[in-house]
Amino acid sequence: GLKEGSQDVGFVRDGDPTVGLEAEALFSEPFFAVLPARHPLAQRSRSIHPAELAGEPFVFYSPLAGNRAYEKPMSLCEAAGFRPRVVQEAPQWLTIMRLVGAGLGVSIGPACVERITTRDVVCRRLRTPAGVRSVRSEIDLAWRAGDNRPIVEAFCRMARETLRRR
């Protein structure tokens with residue numbers, strides 16, 4: 001919508017750099033493991049290591065949704081010595097959560113997904129593998145390059161002030 005001109009400003013999670021758009025990081029959050037409530041790891045501590053997910057089937061969104069958004073959580077697994085085996089893809093987090101809750105697999109998502117869990121899904125904070133720089137999911141404010149209309153500037157200013165207070 002931003003590129004086409006049907007939207008003036010947007011929020012993007014882990015967006016790929018895009019010609020013609022400007023983006024500014026507003027905040028970031030850690031990644032969590034998303035598990036079926038009956039999964040053995042769900043019964044344990046408040047955090048788990050990504051290596052504990054090796055061999056598990058994964059439910060994830062398509063890499064077509066964005067390379068950076070797809071590769072960030074995958075990099076946590078690779079740093080732990082494995083590449084996840086994705087058995088089911090879904091276009092949005094609500095669907096992913098339902099598939100995880102149904103026992104189709106596990107997932108890795110940004111901390112905000114914890115707010116949409118149901119009783120059949122549990123989120124556990126992921127510990128960063130040793131020797132790896134922290135990997136976080138970033139929310140950017142995005143707009144068309146060169147768009148300095150007052151309404152765009154006012155919205156961006158309001159978004160910065162509001163969201164950076166988090």
# chains A, B, ... in the order shown; residues from 1 in each chain; ligands from 1

$ select_by_dssp --residues "chain A" --states "strand (DSSP E)" --output "PyMOL selection string"
chain A and resi 9-13+21-29+31-36+47-48+57-60+85-89+107-110+121-126+137-144

$ write_last_selection --atoms "N, CA and C atoms" --output "compact mmCIF listing (two decimals), in the first residue's frame"
# COMPACT_ATOMS: atom_id res chain seq x y z
N VAL A 9 1.43 6.03 5.63
CA VAL A 9 2.38 5.63 6.66
C VAL A 9 2.00 4.22 7.10
N GLY A 10 2.98 3.44 7.53
CA GLY A 10 2.67 2.10 8.01
C GLY A 10 3.66 1.64 9.06
N PHE A 11 3.29 0.58 9.74
CA PHE A 11 4.16 -0.09 10.69
C PHE A 11 4.58 -1.41 10.07
N VAL A 12 5.86 -1.71 10.12
CA VAL A 12 6.41 -2.89 9.47
C VAL A 12 7.23 -3.67 10.49
N ARG A 13 6.99 -4.99 10.55
CA ARG A 13 7.79 -5.84 11.44
C ARG A 13 8.90 -6.49 10.63
N LEU A 21 11.02 3.64 -0.14
CA LEU A 21 10.45 3.77 1.20
C LEU A 21 11.54 4.10 2.20
N GLU A 22 11.17 4.89 3.18
CA GLU A 22 12.05 5.16 4.31
C GLU A 22 11.47 4.44 5.52
N ALA A 23 12.35 3.99 6.41
CA ALA A 23 11.90 3.29 7.61
C ALA A 23 12.74 3.72 8.79
N GLU A 24 12.11 3.74 9.94
CA GLU A 24 12.77 4.14 11.19
C GLU A 24 12.35 3.19 12.29
N ALA A 25 13.32 2.58 12.97
CA ALA A 25 13.02 1.65 14.06
C ALA A 25 12.38 2.40 15.22
N LEU A 26 11.27 1.85 15.72
CA LEU A 26 10.59 2.45 16.87
C LEU A 26 10.84 1.67 18.15
N PHE A 27 10.79 0.35 18.07
CA PHE A 27 11.09 -0.49 19.23
C PHE A 27 11.35 -1.90 18.76
N SER A 28 11.84 -2.71 19.68
CA SER A 28 12.11 -4.12 19.36
C SER A 28 11.66 -4.98 20.53
N GLU A 29 11.54 -6.27 20.26
CA GLU A 29 11.14 -7.20 21.31
C GLU A 29 11.83 -8.54 21.08
N PHE A 31 12.36 -12.76 20.94
CA PHE A 31 11.61 -13.86 20.35
C PHE A 31 11.23 -14.88 21.43
N PHE A 32 10.10 -15.54 21.22
CA PHE A 32 9.59 -16.55 22.13
C PHE A 32 9.38 -17.85 21.37
N ALA A 33 9.50 -18.96 22.07
CA ALA A 33 9.09 -20.25 21.52
C ALA A 33 7.58 -20.34 21.72
N VAL A 34 6.88 -20.82 20.70
CA VAL A 34 5.43 -20.99 20.75
C VAL A 34 5.18 -22.49 20.71
N LEU A 35 4.57 -23.01 21.77
CA LEU A 35 4.45 -24.46 21.96
C LEU A 35 3.01 -24.88 22.25
N PRO A 36 2.64 -26.10 21.83
CA PRO A 36 1.36 -26.63 22.29
C PRO A 36 1.40 -26.74 23.82
N SER A 47 11.97 -20.13 30.35
CA SER A 47 12.72 -19.91 29.11
C SER A 47 13.35 -21.21 28.66
N ILE A 48 13.58 -21.29 27.35
CA ILE A 48 14.21 -22.48 26.80
C ILE A 48 15.30 -22.06 25.81
N PRO A 57 8.72 -30.49 14.51
CA PRO A 57 8.10 -29.91 13.31
C PRO A 57 7.75 -28.45 13.62
N PHE A 58 7.91 -27.57 12.65
CA PHE A 58 7.64 -26.15 12.83
C PHE A 58 6.44 -25.71 12.00
N VAL A 59 5.66 -24.81 12.57
CA VAL A 59 4.60 -24.11 11.87
C VAL A 59 5.10 -22.68 11.74
N PHE A 60 5.11 -22.17 10.52
CA PHE A 60 5.71 -20.85 10.30
C PHE A 60 5.01 -20.17 9.15
N ARG A 85 12.54 -27.64 10.39
CA ARG A 85 11.78 -28.35 9.36
C ARG A 85 10.35 -27.82 9.43
N VAL A 86 10.00 -26.96 8.48
CA VAL A 86 8.67 -26.34 8.46
C VAL A 86 7.70 -27.32 7.79
N VAL A 87 6.69 -27.76 8.54
CA VAL A 87 5.72 -28.72 8.02
C VAL A 87 4.41 -28.06 7.61
N GLN A 88 4.19 -26.83 8.08
CA GLN A 88 2.95 -26.13 7.74
C GLN A 88 3.23 -24.63 7.72
N GLU A 89 2.76 -23.94 6.69
CA GLU A 89 2.87 -22.50 6.61
C GLU A 89 1.49 -21.87 6.76
N SER A 107 6.64 -23.14 17.04
CA SER A 107 7.03 -21.99 16.23
C SER A 107 7.90 -21.07 17.07
N ILE A 108 8.40 -20.04 16.42
CA ILE A 108 9.14 -18.98 17.09
C ILE A 108 8.52 -17.67 16.64
N GLY A 109 8.14 -16.83 17.59
CA GLY A 109 7.50 -15.58 17.25
C GLY A 109 7.94 -14.45 18.14
N PRO A 110 7.63 -13.23 17.76
CA PRO A 110 7.95 -12.08 18.60
C PRO A 110 7.14 -12.12 19.90
N VAL A 121 -2.03 -23.09 23.91
CA VAL A 121 -0.73 -22.61 23.45
C VAL A 121 0.00 -21.94 24.60
N VAL A 122 1.32 -22.20 24.67
CA VAL A 122 2.17 -21.61 25.70
C VAL A 122 3.37 -20.95 25.02
N CYS A 123 3.76 -19.77 25.49
CA CYS A 123 4.95 -19.09 24.98
C CYS A 123 6.03 -19.10 26.05
N ARG A 124 7.25 -19.40 25.64
CA ARG A 124 8.40 -19.39 26.54
C ARG A 124 9.50 -18.57 25.90
N ARG A 125 10.11 -17.70 26.69
CA ARG A 125 11.19 -16.85 26.17
C ARG A 125 12.34 -17.73 25.68
N LEU A 126 12.92 -17.35 24.54
CA LEU A 126 14.07 -18.07 23.99
C LEU A 126 15.36 -17.43 24.50
N SER A 137 13.06 -8.84 17.26
CA SER A 137 12.12 -8.44 16.22
C SER A 137 11.90 -6.94 16.34
N GLU A 138 12.02 -6.24 15.21
CA GLU A 138 11.92 -4.78 15.22
C GLU A 138 10.64 -4.31 14.54
N ILE A 139 10.05 -3.28 15.13
CA ILE A 139 8.90 -2.61 14.53
C ILE A 139 9.39 -1.28 13.99
N ASP A 140 9.20 -1.09 12.69
CA ASP A 140 9.61 0.15 12.02
C ASP A 140 8.40 0.96 11.62
N LEU A 141 8.60 2.26 11.60
CA LEU A 141 7.65 3.19 11.02
C LEU A 141 8.12 3.41 9.58
N ALA A 142 7.24 3.29 8.61
CA ALA A 142 7.64 3.40 7.20
C ALA A 142 6.73 4.38 6.46
N TRP A 143 7.33 5.08 5.50
CA TRP A 143 6.61 6.03 4.65
C TRP A 143 7.35 6.16 3.33
N ARG A 144 6.67 6.75 2.33
CA ARG A 144 7.30 6.93 1.03
C ARG A 144 8.42 7.96 1.14

$ select_by_dssp --residues "range 28-139 of chain A" --states "helix (DSSP H, G or I)" --output "ChimeraX atom specification"
/A:40-43,50-53,63-65,67-79,93-101,111-116

$ write_last_selection --atoms "C-alpha atoms" --output "tab-separated table (two decimals), in the first residue's frame"
chain	number	residue	atom	x	y	z
A	40	PRO	CA	6.98	-31.31	27.44
A	41	LEU	CA	8.88	-28.00	27.06
A	42	ALA	CA	5.73	-26.06	27.96
A	43	GLN	CA	5.75	-27.68	31.40
A	50	PRO	CA	16.61	-22.92	20.77
A	51	ALA	CA	18.55	-26.21	20.62
A	52	GLU	CA	15.70	-27.81	22.57
A	53	LEU	CA	13.49	-27.29	19.50
A	63	PRO	CA	9.46	-16.72	3.43
A	64	LEU	CA	7.54	-14.81	0.75
A	65	ALA	CA	6.13	-12.70	3.61
A	67	ASN	CA	13.11	-12.45	3.95
A	68	ARG	CA	14.29	-10.57	7.04
A	69	ALA	CA	11.19	-11.48	9.06
A	70	TYR	CA	11.63	-15.14	8.11
A	71	GLU	CA	15.38	-15.38	8.62
A	72	LYS	CA	15.67	-13.65	12.00
A	73	PRO	CA	13.99	-16.44	14.00
A	74	MET	CA	15.59	-19.06	11.75
A	75	SER	CA	19.02	-17.62	12.63
A	76	LEU	CA	18.41	-18.43	16.31
A	77	CYS	CA	17.93	-22.08	15.38
A	78	GLU	CA	20.93	-22.12	13.06
A	79	ALA	CA	23.09	-20.69	15.83
A	93	TRP	CA	-0.04	-15.29	13.63
A	94	LEU	CA	-3.59	-16.11	14.68
A	95	THR	CA	-3.61	-19.04	12.27
A	96	ILE	CA	-0.12	-20.15	13.33
A	97	MET	CA	-1.23	-20.12	16.97
A	98	ARG	CA	-4.27	-22.28	16.18
A	99	LEU	CA	-2.12	-24.78	14.27
A	100	VAL	CA	0.40	-24.95	17.13
A	101	GLY	CA	-2.46	-25.38	19.61
A	111	ALA	CA	7.01	-11.48	22.24
A	112	CYS	CA	3.70	-9.85	21.27
A	113	VAL	CA	2.27	-13.23	20.21
A	114	GLU	CA	2.07	-14.12	23.90
A	115	ARG	CA	-0.87	-11.69	24.10
A	116	ILE	CA	-2.96	-13.76	21.66

$ closest_residue --among "A:Ala145, A:Val135, A:Met158, A:Leu163" --to "Asp8 in chain A" --atoms "only C-alpha atoms"
A:Ala145

$ closest_residue --among "A:Ala154, A:Ala80, A:Ala102, A:Ala90" --to "Arg119 in chain A" --atoms "only C-alpha atoms"
A:Ala102

$ closest_residue --among "A:Gly1, A:Arg83, A:Arg157, A:Pro129" --to "Glu56 in chain A" --atoms "only C-alpha atoms"
A:Arg83

$ closest_residue --among "A:Gly131, A:Arg46, A:Val152, A:Gly66" --to "Gly15 in chain A" --atoms "only C-alpha atoms"
A:Gly66
